[in-house]
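Data file: my_file-v6.pdb. Format and content: PDB, C-alpha atoms.
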```pdb
ATOM      1  CA  MET A  24     -33.210  32.343  14.907
ATOM      2  CA  ASN A  25     -32.434  30.809  18.262
ATOM      3  CA  LEU A  26     -30.018  27.989  18.993
ATOM      4  CA  GLY A  27     -32.720  25.343  19.547
ATOM      5  CA  HIS A  28     -34.300  26.100  16.166
ATOM      6  CA  ARG A  29     -30.878  25.798  14.458
ATOM      7  CA  VAL A  30     -30.284  22.413  16.091
ATOM      8  CA  VAL A  31     -33.658  21.136  14.856
ATOM      9  CA  LEU A  32     -32.946  22.354  11.278
ATOM     10  CA  LEU A  33     -29.491  20.763  11.337
ATOM     11  CA  GLN A  34     -30.942  17.436  12.476
ATOM     12  CA  GLN A  35     -33.545  17.593   9.714
ATOM     13  CA  LEU A  36     -30.845  18.275   7.094
ATOM     14  CA  GLU A  37     -28.697  15.414   8.399
ATOM     15  CA  GLY A  38     -31.748  13.141   8.361
ATOM     16  CA  ARG A  39     -32.426  14.062   4.735
ATOM     17  CA  GLY A  40     -28.762  13.418   3.893
ATOM     18  CA  ASP A  41     -28.898  10.004   5.531
ATOM     19  CA  GLN A  42     -32.147   9.242   3.729
ATOM     20  CA  LEU A  43     -30.644  10.272   0.362
ATOM     21  CA  HIS A  44     -27.572   8.184   1.119
ATOM     22  CA  ARG A  45     -29.730   5.140   1.906
ATOM     23  CA  GLN A  46     -31.755   5.684  -1.277
ATOM     24  CA  GLN A  47     -28.555   5.893  -3.328
ATOM     25  CA  GLN A  48     -27.268   2.688  -1.722
ATOM     26  CA  ALA A  49     -30.572   0.976  -2.465
ATOM     27  CA  LYS A  50     -30.346   2.030  -6.128
ATOM     28  CA  GLU A  51     -26.753   0.751  -6.362
ATOM     29  CA  CYS A  52     -27.726  -2.545  -4.742
ATOM     30  CA  GLU A  53     -30.631  -2.969  -7.132
ATOM     31  CA  ALA A  54     -28.388  -2.220 -10.131
ATOM     32  CA  GLY A  55     -25.893  -4.799  -8.823
ATOM     33  CA  ARG A  56     -28.663  -7.362  -8.455
ATOM     34  CA  HIS A  57     -29.746  -6.744 -12.048
ATOM     35  CA  ARG A  58     -26.151  -7.124 -13.307
ATOM     36  CA  ASN A  59     -25.665 -10.315 -11.316
ATOM     37  CA  SER A  60     -28.968 -11.671 -12.555
ATOM     38  CA  ALA A  61     -28.025 -10.933 -16.157
ATOM     39  CA  LEU A  62     -24.639 -12.589 -15.691
ATOM     40  CA  LEU A  63     -26.272 -15.614 -14.123
ATOM     41  CA  GLN A  64     -28.630 -15.914 -17.070
ATOM     42  CA  VAL A  65     -25.728 -15.702 -19.524
ATOM     43  CA  ILE A  66     -23.731 -18.301 -17.607
ATOM     44  CA  THR A  67     -26.710 -20.608 -17.274
ATOM     45  CA  ALA A  68     -27.485 -20.236 -20.941
ATOM     46  CA  ALA A  69     -23.868 -20.886 -21.860
ATOM     47  CA  PHE A  70     -23.663 -24.084 -19.884
ATOM     48  CA  CYS A  71     -27.049 -25.275 -21.031
ATOM     49  CA  LYS A  72     -26.266 -24.199 -24.595
ATOM     50  CA  VAL A  73     -29.559 -22.354 -24.803
ATOM     51  CA  GLN A  74     -30.089 -19.604 -27.334
ATOM     52  CA  ILE A  75     -29.892 -16.046 -26.017
ATOM     53  CA  LYS A  76     -31.964 -13.596 -28.050
ATOM     54  CA  LYS A  77     -31.934 -15.890 -31.093
ATOM     55  CA  ARG A  78     -28.103 -16.223 -31.015
ATOM     56  CA  THR A  79     -26.279 -19.401 -30.087
ATOM     57  CA  VAL A  80     -23.496 -19.092 -27.552
ATOM     58  CA  SER A  81     -20.153 -19.548 -29.276
ATOM     59  CA  PRO A  82     -17.770 -22.338 -28.261
ATOM     60  CA  MET A  83     -15.050 -19.706 -27.605
ATOM     61  CA  PHE A  84     -17.328 -18.115 -25.026
ATOM     62  CA  LEU A  85     -17.830 -21.481 -23.371
ATOM     63  CA  GLN A  86     -14.065 -22.062 -23.251
ATOM     64  CA  ASP A  87     -13.474 -18.629 -21.734
ATOM     65  CA  LEU A  88     -16.202 -19.254 -19.220
ATOM     66  CA  GLN A  89     -14.688 -22.617 -18.307
ATOM     67  CA  ARG A  90     -11.264 -20.994 -17.795
ATOM     68  CA  ILE A  91     -12.796 -18.346 -15.546
ATOM     69  CA  GLU A  92     -14.619 -20.980 -13.542
ATOM     70  CA  ASP A  93     -11.426 -23.045 -13.172
ATOM     71  CA  ARG A  94      -9.495 -20.004 -11.964
ATOM     72  CA  LEU A  95     -12.199 -19.167  -9.465
ATOM     73  CA  ARG A  96     -12.106 -22.722  -8.164
ATOM     74  CA  GLY A  97      -8.330 -22.639  -8.022
ATOM     75  CA  THR A  98      -7.897 -25.537 -10.433
ATOM     76  CA  TRP A  99      -6.285 -23.622 -13.286
ATOM     77  CA  GLN A 100      -3.091 -24.970 -14.740
ATOM     78  CA  THR A 101       0.225 -23.179 -14.376
ATOM     79  CA  HIS A 102       1.929 -22.266 -17.648
ATOM     80  CA  PRO A 103       4.399 -24.988 -18.736
ATOM     81  CA  LEU A 104       7.303 -22.520 -19.044
ATOM     82  CA  LEU A 105       6.710 -21.338 -15.492
ATOM     83  CA  LEU A 106       6.629 -24.938 -14.269
ATOM     84  CA  ALA A 107       9.927 -25.668 -16.059
ATOM     85  CA  LEU A 108      11.546 -22.574 -14.564
ATOM     86  CA  GLU A 109      10.344 -23.472 -11.089
ATOM     87  CA  THR A 110      11.652 -27.037 -11.481
ATOM     88  CA  ARG A 111      15.078 -25.779 -12.593
ATOM     89  CA  TYR A 112      15.175 -23.321  -9.685
ATOM     90  CA  TRP A 113      14.501 -25.978  -7.061
ATOM     91  CA  ALA A 114      17.004 -28.366  -8.676
ATOM     92  CA  PHE A 115      19.636 -25.616  -8.446
ATOM     93  CA  VAL A 116      18.724 -24.972  -4.812
ATOM     94  CA  GLU A 117      19.078 -28.659  -3.967
ATOM     95  CA  GLU A 118      22.452 -28.862  -5.763
ATOM     96  CA  SER A 119      23.898 -25.809  -4.029
ATOM     97  CA  LEU A 120      22.541 -26.604  -0.566
ATOM     98  CA  PRO A 121      25.632 -28.518   0.695
ATOM     99  CA  ALA A 122      27.948 -25.636  -0.261
ATOM    100  CA  TRP A 123      25.739 -23.113   1.511
ATOM    101  CA  GLU A 124      25.576 -25.379   4.535
ATOM    102  CA  LEU A 125      29.386 -25.401   4.757
ATOM    103  CA  PHE A 126      29.467 -21.621   4.369
ATOM    104  CA  PHE A 127      26.916 -21.049   7.128
ATOM    105  CA  LEU A 128      28.836 -23.364   9.421
ATOM    106  CA  SER A 129      31.982 -21.261   8.682
ATOM    107  CA  LYS A 130      33.687 -24.303   7.170
ATOM    108  CA  GLY A 131      33.851 -23.216   3.546
ATOM    109  CA  PRO A 132      34.006 -20.273   1.148
ATOM    110  CA  HIS A 133      31.000 -18.313  -0.072
ATOM    111  CA  PRO A 134      29.318 -20.577  -2.651
ATOM    112  CA  ALA A 135      28.231 -17.892  -5.098
ATOM    113  CA  PRO A 136      30.894 -17.155  -7.722
ATOM    114  CA  GLY A 137      32.629 -13.796  -7.483
ATOM    115  CA  THR A 138      31.230 -12.898  -4.068
ATOM    116  CA  GLY A 139      34.282 -13.732  -2.009
ATOM    117  CA  GLN A 140      36.270 -11.040  -0.281
ATOM    118  CA  PRO A 141      37.076  -8.238  -2.682
ATOM    119  CA  ALA A 142      40.677  -7.937  -3.787
ATOM    120  CA  ARG A 143      42.644  -5.214  -2.035
ATOM    121  CA  ARG A 144      43.158  -2.169  -4.156
ATOM    122  CA  ALA A 145      46.532  -0.523  -4.404
ATOM    123  CA  ARG A 146      46.775   2.715  -2.509
ATOM    124  CA  LEU A 147      46.075   5.650  -4.729
ATOM    125  CA  PRO A 148      48.189   8.778  -4.434
ATOM    126  CA  PRO A 149      46.540  11.596  -2.496
ATOM    127  CA  ARG A 150      44.344  13.948  -4.454
ATOM    128  CA  PRO A 151      45.732  17.347  -5.242
ATOM    129  CA  ARG A 152      44.356  20.184  -3.172
ATOM    130  CA  PRO A 153      41.837  22.401  -4.920
ATOM    131  CA  ARG A 154      43.215  25.756  -6.009
ATOM    132  CA  THR A 155      41.909  28.893  -4.458
ATOM    133  CA  GLY A 156      40.949  31.888  -6.544
ATOM    134  CA  ARG A 157      44.015  33.919  -5.484
ATOM    135  CA  LEU A 158      47.049  34.390  -7.629
ATOM    136  CA  GLU A 159      50.327  33.375  -6.074
ATOM    137  CA  ARG A 160      53.349  35.750  -6.440
TER     138      ARG A 160
END
```

Could you express the structure from this file as structure tokens?
Amino acid sequence: MNLGHRVVLLQQLEGRGDQLHRQQQAKECEAGRHRNSALLQVITAAFCKVQIKKRTVSPMFLQDLQRIEDRLRGTWQTHPLLLALETRYWAFVEESLPAWELFFLSKGPHPAPGTGQPARRARLPPRPRPRTGRLER
């Protein structure tokens, strides 16, 4: 088999690979379209309160759907405990701001408790030297 023939066969194989890849992508896109279409039908039915396959959409489903929609729109409410924590945090920041300002201007001590200069430790006696394995006579 000569080199030119090998190049032609390689190009044909690559072309088949590309074609198979495109076919696989087309199948995945079509499956995605079907999923999206089904979801759209469910959402439309839920908001219109239409029966789906002889079953009525439950109110819980509608509430969940509304929550999802609110989150997607960015209008969902922050949890009250998180709001309270955030409010307390910013109140603390505002209260401690003057002390930090003095500290950063080198006119006052560090405002956080217990973070001043560490107390000097007393000098410890030197450590004993490690013993060697020899016996002393």

Between atom CA of Asp87 of chain A and atom CA of Ser60 of chain A, what is the spacing in Å?
19.3 Å

Pick from A:Val30, A:Leu36, A:Val116, A:Leu85: nearest to Thr67 of chain A, with only C-alpha atoms counted?
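Checking each of A:Val30, A:Leu36, A:Val116, A:Leu85 against Thr67 of chain A, counting only C-alpha atoms, the winner is A:Leu85.
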
Between atom CA of Gln89 of chain A and atom CA of His102 of chain A, measure the distance and give it in Å to one decimal.
16.6 Å

Just the number, please: distance in Å from atom CA of Lys50 of chain A to atom CA of Gly38 of chain A, one decimal.
18.3 Å
